[in-house]
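J.: Next comes the structure file entry29.pdb, holding PDB, C-alpha atoms (C1' of nucleotides).
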ATOM      1  CA  MET P   1     -18.737  31.738 -40.340
ATOM      2  CA  THR P   2     -15.018  31.899 -40.174
ATOM      3  CA  LYS P   3     -13.336  32.631 -43.402
ATOM      4  CA  ILE P   4     -11.006  29.850 -44.276
ATOM      5  CA  ASP P   5      -7.730  30.672 -45.829
ATOM      6  CA  ASP P   6      -7.894  28.775 -49.064
ATOM      7  CA  ARG P   7      -5.255  30.750 -50.749
ATOM      8  CA  PHE P   8      -2.670  29.119 -52.918
ATOM      9  CA  TYR P   9       0.933  30.042 -53.147
ATOM     10  CA  THR P  10       3.516  29.753 -55.850
ATOM     11  CA  VAL P  11       7.087  29.062 -54.840
ATOM     12  CA  PRO P  12       8.221  32.685 -54.785
ATOM     13  CA  GLU P  13       5.106  33.742 -52.902
ATOM     14  CA  LEU P  14       5.485  31.109 -50.255
ATOM     15  CA  ALA P  15       9.180  31.829 -50.012
ATOM     16  CA  GLU P  16       8.463  35.490 -49.446
ATOM     17  CA  ASN P  17       5.802  34.638 -46.925
ATOM     18  CA  LEU P  18       8.083  32.376 -44.952
ATOM     19  CA  GLY P  19      11.238  34.363 -45.285
ATOM     20  CA  VAL P  20      13.220  31.767 -47.153
ATOM     21  CA  THR P  21      14.454  31.595 -50.711
ATOM     22  CA  PRO P  22      12.674  29.731 -53.490
ATOM     23  CA  ARG P  23      15.696  27.510 -53.814
ATOM     24  CA  THR P  24      15.193  26.369 -50.245
ATOM     25  CA  ILE P  25      11.608  25.335 -50.884
ATOM     26  CA  ARG P  26      12.503  23.388 -53.992
ATOM     27  CA  PHE P  27      15.372  21.828 -52.122
ATOM     28  CA  TYR P  28      13.032  20.605 -49.418
ATOM     29  CA  GLU P  29      10.819  19.082 -52.040
ATOM     30  CA  GLN P  30      13.789  17.317 -53.531
ATOM     31  CA  LYS P  31      14.488  15.956 -50.066
ATOM     32  CA  GLY P  32      10.939  14.721 -49.769
ATOM     33  CA  LEU P  33       9.857  17.141 -47.063
ATOM     34  CA  VAL P  34       7.029  18.672 -49.054
ATOM     35  CA  ALA P  35       5.155  17.495 -52.117
ATOM     36  CA  PRO P  36       3.073  20.264 -53.593
ATOM     37  CA  GLN P  37       0.687  19.679 -56.416
ATOM     38  CA  ARG P  38       1.314  21.084 -59.814
ATOM     39  CA  ALA P  39      -0.630  23.176 -62.234
ATOM     40  CA  GLY P  40       1.260  22.250 -65.333
ATOM     41  CA  THR P  41       4.820  22.565 -64.111
ATOM     42  CA  THR P  42       4.128  25.244 -61.570
ATOM     43  CA  ARG P  43       4.062  24.153 -57.955
ATOM     44  CA  ILE P  44       0.930  24.973 -56.007
ATOM     45  CA  TYR P  45       1.123  25.206 -52.237
ATOM     46  CA  THR P  46      -1.972  24.965 -50.070
ATOM     47  CA  ARG P  47      -2.333  26.134 -46.486
ATOM     48  CA  GLN P  48      -1.499  22.578 -45.406
ATOM     49  CA  ASP P  49       1.716  22.733 -47.341
ATOM     50  CA  ARG P  50       2.467  25.995 -45.655
ATOM     51  CA  ALA P  51       1.788  24.439 -42.259
ATOM     52  CA  ARG P  52       4.216  21.680 -43.132
ATOM     53  CA  MET P  53       6.802  24.241 -44.051
ATOM     54  CA  LEU P  54       6.306  25.950 -40.720
ATOM     55  CA  ILE P  55       6.939  22.672 -38.951
ATOM     56  CA  ILE P  56      10.082  22.187 -40.979
ATOM     57  CA  LEU P  57      11.339  25.660 -40.204
ATOM     58  CA  ARG P  58      10.651  25.265 -36.530
ATOM     59  CA  GLY P  59      12.515  21.979 -36.564
ATOM     60  CA  LYS P  60      15.440  23.715 -38.151
ATOM     61  CA  ARG P  61      15.403  26.482 -35.588
ATOM     62  CA  LEU P  62      15.539  23.851 -32.900
ATOM     63  CA  GLY P  63      18.565  22.309 -34.474
ATOM     64  CA  PHE P  64      17.174  19.179 -36.051
ATOM     65  CA  THR P  65      18.560  17.978 -39.342
ATOM     66  CA  LEU P  66      16.376  17.817 -42.413
ATOM     67  CA  LYS P  67      16.596  14.049 -42.220
ATOM     68  CA  GLU P  68      15.186  14.008 -38.688
ATOM     69  CA  ILE P  69      12.454  16.375 -39.691
ATOM     70  CA  ALA P  70      11.642  14.192 -42.678
ATOM     71  CA  ASP P  71      11.373  11.114 -40.468
ATOM     72  CA  TYR P  72       9.021  12.963 -38.197
ATOM     73  CA  LEU P  73       6.876  14.208 -41.046
ATOM     74  CA  ASP P  74       6.633  10.727 -42.493
ATOM     75  CA  LEU P  75       4.482   9.786 -39.531
ATOM     76  CA  TYR P  76       2.403  12.865 -40.018
ATOM     77  CA  GLY P  77      -0.806  11.689 -41.636
ATOM     78  CA  ALA P  78       0.270   8.061 -41.670
ATOM     79  CA  ASP P  79      -0.619   7.893 -38.009
ATOM     80  CA  PRO P  80      -4.337   8.260 -37.256
ATOM     81  CA  THR P  81      -4.000   8.478 -33.483
ATOM     82  CA  GLN P  82      -0.723  10.381 -33.787
ATOM     83  CA  ALA P  83       0.459   8.659 -30.638
ATOM     84  CA  GLU P  84       3.506   7.182 -32.327
ATOM     85  CA  GLN P  85       4.331  10.496 -33.820
ATOM     86  CA  ILE P  86       4.204  12.243 -30.502
ATOM     87  CA  LYS P  87       6.262   9.545 -28.847
ATOM     88  CA  MET P  88       8.870   9.856 -31.490
ATOM     89  CA  LEU P  89       8.854  13.595 -31.152
ATOM     90  CA  LEU P  90       9.268  13.301 -27.425
ATOM     91  CA  THR P  91      12.228  10.978 -27.839
ATOM     92  CA  ARG P  92      13.968  13.255 -30.308
ATOM     93  CA  VAL P  93      13.251  16.338 -28.283
ATOM     94  CA  ARG P  94      14.726  14.755 -25.193
ATOM     95  CA  GLU P  95      17.805  13.664 -27.098
ATOM     96  CA  ARG P  96      18.219  17.154 -28.371
ATOM     97  CA  ILE P  97      17.766  18.644 -24.904
ATOM     98  CA  ASP P  98      20.468  16.347 -23.571
ATOM     99  CA  ALA P  99      22.788  17.222 -26.398
ATOM    100  CA  LEU P 100      22.255  20.924 -25.911
ATOM    101  CA  GLU P 101      22.812  20.684 -22.184
ATOM    102  CA  ASP P 102      26.099  18.965 -22.859
ATOM    103  CA  GLN P 103      26.950  21.655 -25.342
ATOM    104  CA  ARG P 104      26.142  24.268 -22.786
ATOM    105  CA  GLN P 105      28.481  22.684 -20.316
ATOM    106  CA  ALA P 106      31.301  22.496 -22.837
ATOM    107  CA  LEU P 107      30.632  26.045 -23.848
ATOM    108  CA  ASP P 108      30.958  27.247 -20.294
ATOM    109  CA  VAL P 109      34.248  25.448 -19.900
ATOM    110  CA  THR P 110      35.520  27.036 -23.077
ATOM    111  CA  LEU P 111      34.370  30.435 -21.929
ATOM    112  CA  ASP P 112      36.274  30.049 -18.699
ATOM    113  CA  GLU P 113      39.414  29.135 -20.534
ATOM    114  CA  LEU P 114      39.018  32.075 -22.871
ATOM    115  CA  ARG P 115      38.520  34.475 -19.980
ATOM    116  CA  GLU P 116      41.662  33.156 -18.411
ATOM    117  CA  ILE P 117      43.601  33.766 -21.579
ATOM    118  CA  GLU P 118      42.078  37.216 -21.791
ATOM    119  CA  GLN P 119      43.307  38.020 -18.306
ATOM    120  CA  GLN P 120      46.758  36.675 -19.017
ATOM    121  CA  SER P 121      46.953  38.767 -22.130
ATOM    122  CA  ILE P 122      45.927  41.867 -20.249
ATOM    123  CA  ASP P 123      48.534  41.215 -17.602
ATOM    124  CA  ALA P 124      51.208  40.617 -20.199
ATOM    125  CA  LEU P 125      50.436  43.911 -21.909
ATOM    126  CA  LYS P 126      50.423  45.801 -18.657
ATOM    127  CA  GLU P 127      53.853  44.509 -17.843
ATOM    128  CA  LYS P 128      55.033  45.955 -21.104
ATOM    129  CA  GLY P 129      53.441  49.244 -20.130
ATOM    130  CA  LEU P 130      50.782  49.011 -22.776
ATOM    131  CA  ASP P 131      47.131  49.811 -22.534
ATOM    132  CA  PRO P 132      45.016  46.710 -23.038
ATOM    133  CA  VAL P 133      42.179  48.818 -24.338
ATOM    134  CA  ALA P 134      44.017  50.352 -27.259
TER     135      ALA P 134
ATOM    136  CA  MET V   1      71.869  21.012 -15.203
ATOM    137  CA  THR V   2      68.382  20.481 -16.518
ATOM    138  CA  LYS V   3      68.071  17.878 -19.136
ATOM    139  CA  ILE V   4      66.658  19.364 -22.266
ATOM    140  CA  ASP V   5      64.210  17.422 -24.266
ATOM    141  CA  ASP V   6      65.929  17.262 -27.595
ATOM    142  CA  ARG V   7      63.950  14.385 -28.872
ATOM    143  CA  PHE V   8      62.754  14.289 -32.420
ATOM    144  CA  TYR V   9      59.476  12.970 -33.639
ATOM    145  CA  THR V  10      58.337  11.484 -36.883
ATOM    146  CA  VAL V  11      54.816  12.165 -38.042
ATOM    147  CA  PRO V  12      53.253   9.034 -36.553
ATOM    148  CA  GLU V  13      55.121   9.511 -33.290
ATOM    149  CA  LEU V  14      54.040  13.077 -32.879
ATOM    150  CA  ALA V  15      50.530  12.154 -33.890
ATOM    151  CA  GLU V  16      50.427   9.460 -31.247
ATOM    152  CA  ASN V  17      51.893  11.819 -28.706
ATOM    153  CA  LEU V  18      49.324  14.502 -29.408
ATOM    154  CA  GLY V  19      46.357  12.261 -29.948
ATOM    155  CA  VAL V  20      45.728  13.228 -33.526
ATOM    156  CA  THR V  21      46.132  11.350 -36.786
ATOM    157  CA  PRO V  22      49.153  11.667 -39.054
ATOM    158  CA  ARG V  23      46.881  13.040 -41.725
ATOM    159  CA  THR V  24      45.999  15.920 -39.465
ATOM    160  CA  ILE V  25      49.632  16.871 -38.968
ATOM    161  CA  ARG V  26      50.412  16.780 -42.651
ATOM    162  CA  PHE V  27      47.276  18.734 -43.316
ATOM    163  CA  TYR V  28      48.395  21.462 -40.964
ATOM    164  CA  GLU V  29      51.714  21.616 -42.730
ATOM    165  CA  GLN V  30      49.926  21.987 -46.027
ATOM    166  CA  LYS V  31      48.012  24.877 -44.484
ATOM    167  CA  GLY V  32      51.246  26.484 -43.385
ATOM    168  CA  LEU V  33      50.726  26.002 -39.675
ATOM    169  CA  VAL V  34      53.883  23.989 -39.140
ATOM    170  CA  ALA V  35      57.029  23.578 -41.211
ATOM    171  CA  PRO V  36      59.134  20.703 -39.964
ATOM    172  CA  GLN V  37      62.559  19.965 -41.316
ATOM    173  CA  ARG V  38      63.240  16.910 -43.349
ATOM    174  CA  ALA V  39      65.708  14.079 -43.219
ATOM    175  CA  GLY V  40      65.459  13.025 -46.809
ATOM    176  CA  THR V  41      61.736  12.969 -47.313
ATOM    177  CA  THR V  42      60.838  12.153 -43.743
ATOM    178  CA  ARG V  43      59.549  14.962 -41.590
ATOM    179  CA  ILE V  44      61.414  15.700 -38.387
ATOM    180  CA  TYR V  45      59.604  17.495 -35.562
ATOM    181  CA  THR V  46      61.504  19.218 -32.773
ATOM    182  CA  ARG V  47      60.161  20.175 -29.377
ATOM    183  CA  GLN V  48      59.439  23.624 -30.792
ATOM    184  CA  ASP V  49      57.347  22.108 -33.500
ATOM    185  CA  ARG V  50      55.524  20.172 -30.868
ATOM    186  CA  ALA V  51      54.907  23.351 -28.889
ATOM    187  CA  ARG V  52      53.467  24.935 -32.003
ATOM    188  CA  MET V  53      51.194  21.972 -32.437
ATOM    189  CA  LEU V  54      49.997  22.349 -28.880
ATOM    190  CA  ILE V  55      49.133  25.966 -29.566
ATOM    191  CA  ILE V  56      47.249  24.925 -32.657
ATOM    192  CA  LEU V  57      45.323  22.266 -30.810
ATOM    193  CA  ARG V  58      44.422  24.612 -28.024
ATOM    194  CA  GLY V  59      43.213  27.130 -30.552
ATOM    195  CA  LYS V  60      41.030  24.470 -32.063
ATOM    196  CA  ARG V  61      39.622  23.468 -28.720
ATOM    197  CA  LEU V  62      38.703  27.084 -28.167
ATOM    198  CA  GLY V  63      36.851  27.186 -31.429
ATOM    199  CA  PHE V  64      39.194  29.157 -33.623
ATOM    200  CA  THR V  65      39.498  28.254 -37.270
ATOM    201  CA  LEU V  66      42.787  27.075 -38.689
ATOM    202  CA  LYS V  67      42.990  30.324 -40.608
ATOM    203  CA  GLU V  68      42.777  32.381 -37.428
ATOM    204  CA  ILE V  69      45.339  30.197 -35.759
ATOM    205  CA  ALA V  70      47.622  30.560 -38.753
ATOM    206  CA  ASP V  71      47.336  34.347 -38.622
ATOM    207  CA  TYR V  72      48.222  34.271 -34.978
ATOM    208  CA  LEU V  73      51.189  31.992 -35.513
ATOM    209  CA  ASP V  74      52.481  34.195 -38.301
ATOM    210  CA  LEU V  75      53.275  36.795 -35.690
ATOM    211  CA  TYR V  76      54.967  34.225 -33.560
ATOM    212  CA  GLY V  77      58.674  34.779 -33.999
ATOM    213  CA  ALA V  78      58.182  37.655 -36.390
ATOM    214  CA  ASP V  79      57.429  39.839 -33.404
ATOM    215  CA  PRO V  80      60.380  40.395 -31.067
ATOM    216  CA  THR V  81      58.444  42.166 -28.335
ATOM    217  CA  GLN V  82      55.394  39.986 -28.960
ATOM    218  CA  ALA V  83      53.229  42.926 -28.047
ATOM    219  CA  GLU V  84      51.400  42.892 -31.365
ATOM    220  CA  GLN V  85      50.854  39.212 -31.068
ATOM    221  CA  ILE V  86      49.337  39.505 -27.647
ATOM    222  CA  LYS V  87      47.138  42.392 -28.722
ATOM    223  CA  MET V  88      45.873  40.391 -31.623
ATOM    224  CA  LEU V  89      45.276  37.435 -29.411
ATOM    225  CA  LEU V  90      43.346  39.580 -26.980
ATOM    226  CA  THR V  91      41.178  40.944 -29.765
ATOM    227  CA  ARG V  92      40.370  37.514 -31.129
ATOM    228  CA  VAL V  93      39.751  36.076 -27.716
ATOM    229  CA  ARG V  94      37.324  38.830 -26.895
ATOM    230  CA  GLU V  95      35.524  38.371 -30.185
ATOM    231  CA  ARG V  96      35.232  34.698 -29.471
ATOM    232  CA  ILE V  97      33.967  35.331 -25.960
ATOM    233  CA  ASP V  98      31.276  37.618 -27.322
ATOM    234  CA  ALA V  99      30.276  35.093 -29.939
ATOM    235  CA  LEU V 100      30.067  32.307 -27.410
ATOM    236  CA  GLU V 101      28.018  34.389 -25.038
ATOM    237  CA  ASP V 102      25.585  35.059 -27.841
ATOM    238  CA  GLN V 103      25.530  31.386 -28.625
ATOM    239  CA  ARG V 104      24.836  30.618 -25.031
ATOM    240  CA  GLN V 105      21.898  32.956 -25.038
ATOM    241  CA  ALA V 106      20.464  31.423 -28.184
ATOM    242  CA  LEU V 107      21.037  27.983 -26.803
ATOM    243  CA  ASP V 108      19.078  28.802 -23.679
ATOM    244  CA  VAL V 109      16.190  30.095 -25.736
ATOM    245  CA  THR V 110      16.211  26.935 -27.789
ATOM    246  CA  LEU V 111      16.310  24.818 -24.680
ATOM    247  CA  ASP V 112      13.280  26.594 -23.300
ATOM    248  CA  GLU V 113      11.374  25.987 -26.481
ATOM    249  CA  LEU V 114      12.347  22.337 -26.502
ATOM    250  CA  ARG V 115      11.267  21.897 -22.896
ATOM    251  CA  GLU V 116       7.953  23.435 -23.763
ATOM    252  CA  ILE V 117       7.486  20.995 -26.599
ATOM    253  CA  GLU V 118       8.492  18.187 -24.293
ATOM    254  CA  GLN V 119       5.807  19.184 -21.836
ATOM    255  CA  GLN V 120       3.196  19.508 -24.522
ATOM    256  CA  SER V 121       4.080  16.070 -25.810
ATOM    257  CA  ILE V 122       3.793  14.590 -22.354
ATOM    258  CA  ASP V 123       0.416  16.196 -21.848
ATOM    259  CA  ALA V 124      -0.810  14.980 -25.197
ATOM    260  CA  LEU V 125       0.197  11.419 -24.421
ATOM    261  CA  LYS V 126      -1.394  11.536 -21.014
ATOM    262  CA  GLU V 127      -4.671  12.616 -22.542
ATOM    263  CA  LYS V 128      -4.519   9.538 -24.691
ATOM    264  CA  GLY V 129      -3.942   7.494 -21.566
ATOM    265  CA  LEU V 130      -0.392   6.637 -22.516
ATOM    266  CA  ASP V 131       2.680   6.590 -20.345
ATOM    267  CA  PRO V 132       5.186   9.198 -21.487
ATOM    268  CA  VAL V 133       7.993   7.107 -20.081
ATOM    269  CA  ALA V 134       7.367   4.015 -22.192
TER     270      ALA V 134
ATOM    271  C1'  DA E   1       2.168  34.309 -83.743
ATOM    272  C1'  DA E   2       5.788  36.697 -81.380
ATOM    273  C1'  DT E   3       7.334  38.045 -77.075
ATOM    274  C1'  DC E   4       8.229  38.213 -72.342
ATOM    275  C1'  DA E   5       8.388  37.493 -67.534
ATOM    276  C1'  DA E   6       7.951  33.785 -64.361
ATOM    277  C1'  DA E   7       8.914  29.236 -63.085
ATOM    278  C1'  DG E   8      11.475  25.185 -63.593
ATOM    279  C1'  DT E   9      15.538  22.187 -64.254
ATOM    280  C1'  DG E  10      20.004  20.478 -64.037
ATOM    281  C1'  DA E  11      24.567  20.766 -62.568
ATOM    282  C1'  DC E  12      28.317  22.483 -60.397
ATOM    283  C1'  DG E  13      30.124  25.495 -56.398
ATOM    284  C1'  DT E  14      30.697  26.544 -51.409
ATOM    285  C1'  DT E  15      32.817  25.724 -46.528
ATOM    286  C1'  DA E  16      35.988  23.237 -42.983
ATOM    287  C1'  DA E  17      38.761  19.975 -41.610
ATOM    288  C1'  DC E  18      40.244  16.322 -42.387
ATOM    289  C1'  DG E  19      39.435  10.768 -44.075
ATOM    290  C1'  DT E  20      40.577   7.316 -47.319
ATOM    291  C1'  DA E  21      42.756   4.867 -50.791
ATOM    292  C1'  DA E  22      46.224   4.001 -54.185
ATOM    293  C1'  DA E  23      50.670   4.171 -55.764
ATOM    294  C1'  DC E  24      55.673   5.438 -54.586
ATOM    295  C1'  DT E  25      59.991   5.540 -52.539
ATOM    296  C1'  DA E  26      63.449   4.875 -49.082
ATOM    297  C1'  DA E  27      65.462   2.304 -45.617
ATOM    298  C1'  DT E  28      65.924  -1.670 -42.871
ATOM    299  C1'  DT E  29      65.783  -6.655 -41.979
ATOM    300  C1'  DG E  30      66.284 -11.579 -42.644
TER     301       DG E  30
ATOM    302  C1'  DC Z   1      68.864  -9.506 -52.562
ATOM    303  C1'  DA Z   2      64.083  -9.786 -51.911
ATOM    304  C1'  DA Z   3      60.648  -8.569 -48.783
ATOM    305  C1'  DT Z   4      58.704  -5.880 -45.321
ATOM    306  C1'  DT Z   5      57.976  -1.620 -42.924
ATOM    307  C1'  DA Z   6      57.603   3.426 -42.717
ATOM    308  C1'  DG Z   7      56.720   7.429 -44.398
ATOM    309  C1'  DT Z   8      55.260  10.344 -48.533
ATOM    310  C1'  DT Z   9      52.459  12.048 -52.278
ATOM    311  C1'  DT Z  10      48.316  12.910 -54.861
ATOM    312  C1'  DA Z  11      43.871  13.210 -55.436
ATOM    313  C1'  DC Z  12      39.267  12.405 -54.702
ATOM    314  C1'  DG Z  13      35.528  11.705 -50.947
ATOM    315  C1'  DT Z  14      32.736  13.353 -46.985
ATOM    316  C1'  DT Z  15      28.823  16.290 -44.700
ATOM    317  C1'  DA Z  16      24.755  19.793 -44.732
ATOM    318  C1'  DA Z  17      22.145  22.885 -46.632
ATOM    319  C1'  DC Z  18      21.562  25.361 -49.741
ATOM    320  C1'  DG Z  19      23.643  29.329 -53.545
ATOM    321  C1'  DT Z  20      24.526  30.411 -58.192
ATOM    322  C1'  DC Z  21      24.378  29.903 -63.105
ATOM    323  C1'  DA Z  22      23.018  28.938 -67.408
ATOM    324  C1'  DC Z  23      19.458  27.339 -70.098
ATOM    325  C1'  DT Z  24      14.775  25.643 -71.205
ATOM    326  C1'  DT Z  25       9.823  25.626 -70.790
ATOM    327  C1'  DT Z  26       5.305  27.741 -69.998
ATOM    328  C1'  DG Z  27       1.523  30.341 -69.876
ATOM    329  C1'  DA Z  28      -0.096  34.738 -70.697
ATOM    330  C1'  DT Z  29      -0.400  39.023 -73.091
ATOM    331  C1'  DT Z  30      -0.225  42.017 -77.044
TER     332       DT Z  30
END
Represent the supplied structure as structure tokens.
T.:
Amino acid sequence: MTKIDDRFYTVPELAENLGVTPRTIRFYEQKGLVAPQRAGTTRIYTRQDRARMLIILRGKRLGFTLKEIADYLDLYGADPTQAEQIKMLLTRVRERIDALEDQRQALDVTLDELREIEQQSIDALKEKGLDPVA
Amino acid sequence: MTKIDDRFYTVPELAENLGVTPRTIRFYEQKGLVAPQRAGTTRIYTRQDRARMLIILRGKRLGFTLKEIADYLDLYGADPTQAEQIKMLLTRVRERIDALEDQRQALDVTLDELREIEQQSIDALKEKGLDPVA
DNA sequence: AATCAAAGTGACGTTAACGTAAACTAATTG
DNA sequence: CAATTAGTTTACGTTAACGTCACTTTGATT
């Protein structure tokens, strides 16, 4: 018998557990990313809710907007085979990979230009008899 | 005798010439980055003003904020030897290089994670007998 | 029942770099 | 001289993802 984790979390507890602020969790709810049940007015988060939050946070880490994450999650559960969901994920992930590779390219170009300016600055200071380190 | 470029620009002309909108130029003035003379109410930009704009635009391309660019430009002209200006520039440029190198690192990590997800998605679709390309 | 901490609910603030729209004024053109 | 064209001014709008307050509500405890 494996013990199932049937623990419930309140907002502050879940926030603590996930390393985010309570405001963030409530904000996500307002954006339709999570929909916890209530006990009176208090939000109750199950392990499934927590799993959803983890997906959201991973999405954020990977640079997706909350809107994109919401679109993805909308298929979650509404798609028995989950094929559509995975296809959509694959599409978005590939878009993001392309975007990041472009960014990487641009970043390298910028770095080169900055290094050139750095060198020019060093040279200029040397000509004035100044130490570029100081 | 070299012909000097003593042409003057109005806001829309300079904007056109630099590939920015008039609003941008006026915005920079409001932020204290440029201070063109006036002919009545109309702004008059000299070649020096244009040079300043080019510096600003380069700074932007390199990822500096308008505030940082403004600080840099404040030394421009107020520093006869220009040594301080160059030192400051060097400091900022190095900071920016460090930041971008960090960014590059993070970006690579993210890319790896995305590629992993891509692969997992492909595998999942294949197991369902679906073509990951479609 | 009074109290008290915890949770919730607006609602406005923040940041950066402009965009947009409306209303003005000044100068030129027919 | 009226109309058009240019340029200016002012102020609010935009975007994303929350932060920060101030205030109210609840459920629980004494």
J.: Please list as a VMD selection string every residue within 8 Å of region 15-18 of chain E, counting only C-alpha atoms (C1' of nucleotides) and excluding residues in the same chain fewer than 4 positions away.
T.: chain V and resid 23 to 24 27
J.: Apply the PyMOL selection byres ((chain V) within 9 of (chain Z)) to the structure shown and report the selected residues as a PDB file with C-alpha atoms, in the frame of the given file.
T.:
ATOM      1  CA  THR V  10      58.337  11.484 -36.883  1.00  0.00           C
ATOM      2  CA  VAL V  11      54.816  12.165 -38.042  1.00  0.00           C
ATOM      3  CA  PRO V  12      53.253   9.034 -36.553  1.00  0.00           C
ATOM      4  CA  THR V  41      61.736  12.969 -47.313  1.00  0.00           C
ATOM      5  CA  THR V  42      60.838  12.153 -43.743  1.00  0.00           C
ATOM      6  CA  ARG V  43      59.549  14.962 -41.590  1.00  0.00           C
TER       7      ARG V  43
END
J.: Using all atoms listed in the file, select each residue of chain V with any atom at most 12 Å away from an atom of chain E, and give the selection as a list in words.
T.: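 Here is what falls inside 12 Å: Val20, Thr21, Pro22, Arg23, Thr24, Ile25, Arg26, Phe27, Tyr28, Gln30, Lys31, Ala39, Gly40, Thr41, Thr42, Lys60, Phe64, Thr65, Leu66 and Lys67 of chain V.
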J.: Check what the PyMOL selection byres ((chain P) within 10 of (chain V)) selects in the file above and give those residues as number ranges by chain.
T.: P: 61-63, 81-94, 96-98, 100-101, 103-105, 107-122, 124-125, 128, 130-134
J.: What does the distance between CA of Ala35 (chain P) and CA of Asp74 (chain P) come to in Å, to one decimal place?
T.: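 It comes out at 11.9 Å.
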J.: For CA of Ile69 (chain P) and CA of Arg50 (chain P), determine how far apart the two atoms are, in Å to one decimal place.
T.: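 Answer for the CA of Ile69 (chain P) to CA of Arg50 (chain P) separation: 15.1 Å.
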J.: To one decimal place, how far is CA of Asn17 (chain V) from CA of Leu54 (chain V) in Å?
T.: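 Separation of CA of Asn17 (chain V) and CA of Leu54 (chain V): 10.7 Å.
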J.: Leaving out Tyr9 (chain P) and any residue of its chain fewer than 4 positions from it, which residues lie within 7 Å of it when counting all atoms listed in the file, given as a PyMOL selection string?
T.: chain P and resi 13-14+44-46
J.: Could N, CA and C atoms be built for region 40-57 of chain P and written out as a compact mmCIF listing (two decimals), in the coordinates of the input?
T.:
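After the write, out_33.txt holds the following:
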# COMPACT_ATOMS: atom_id res chain seq x y z
N GLY P 40 0.30 22.27 -64.23
CA GLY P 40 1.26 22.25 -65.33
C GLY P 40 2.58 21.93 -64.67
N THR P 41 3.53 22.80 -64.78
CA THR P 41 4.82 22.56 -64.11
C THR P 41 4.93 23.40 -62.85
N THR P 42 4.05 24.35 -62.73
CA THR P 42 4.13 25.24 -61.57
C THR P 42 3.63 24.60 -60.29
N ARG P 43 4.43 24.72 -59.25
CA ARG P 43 4.06 24.15 -57.96
C ARG P 43 2.98 24.99 -57.29
N ILE P 44 2.02 24.31 -56.70
CA ILE P 44 0.93 24.97 -56.01
C ILE P 44 0.96 24.54 -54.55
N TYR P 45 1.08 25.51 -53.67
CA TYR P 45 1.12 25.21 -52.24
C TYR P 45 -0.18 25.61 -51.57
N THR P 46 -0.74 24.68 -50.80
CA THR P 46 -1.97 24.96 -50.07
C THR P 46 -1.61 25.41 -48.66
N ARG P 47 -2.61 25.73 -47.86
CA ARG P 47 -2.33 26.13 -46.49
C ARG P 47 -1.74 24.98 -45.70
N GLN P 48 -2.08 23.74 -46.08
CA GLN P 48 -1.50 22.58 -45.41
C GLN P 48 0.00 22.48 -45.72
N ASP P 49 0.31 22.75 -46.96
CA ASP P 49 1.72 22.73 -47.34
C ASP P 49 2.48 23.80 -46.56
N ARG P 50 1.84 24.91 -46.40
CA ARG P 50 2.47 26.00 -45.66
C ARG P 50 2.68 25.58 -44.20
N ALA P 51 1.68 24.90 -43.65
CA ALA P 51 1.79 24.44 -42.26
C ALA P 51 2.97 23.47 -42.13
N ARG P 52 3.09 22.62 -43.13
CA ARG P 52 4.22 21.68 -43.13
C ARG P 52 5.52 22.43 -43.16
N MET P 53 5.58 23.44 -43.95
CA MET P 53 6.80 24.24 -44.05
C MET P 53 7.12 24.89 -42.71
N LEU P 54 6.08 25.32 -42.02
CA LEU P 54 6.31 25.95 -40.72
C LEU P 54 6.90 24.94 -39.74
N ILE P 55 6.40 23.72 -39.82
CA ILE P 55 6.94 22.67 -38.95
C ILE P 55 8.41 22.45 -39.27
N ILE P 56 8.70 22.39 -40.55
CA ILE P 56 10.08 22.19 -40.98
C ILE P 56 10.98 23.30 -40.46
N LEU P 57 10.52 24.52 -40.62
CA LEU P 57 11.34 25.66 -40.20
C LEU P 57 11.52 25.71 -38.69
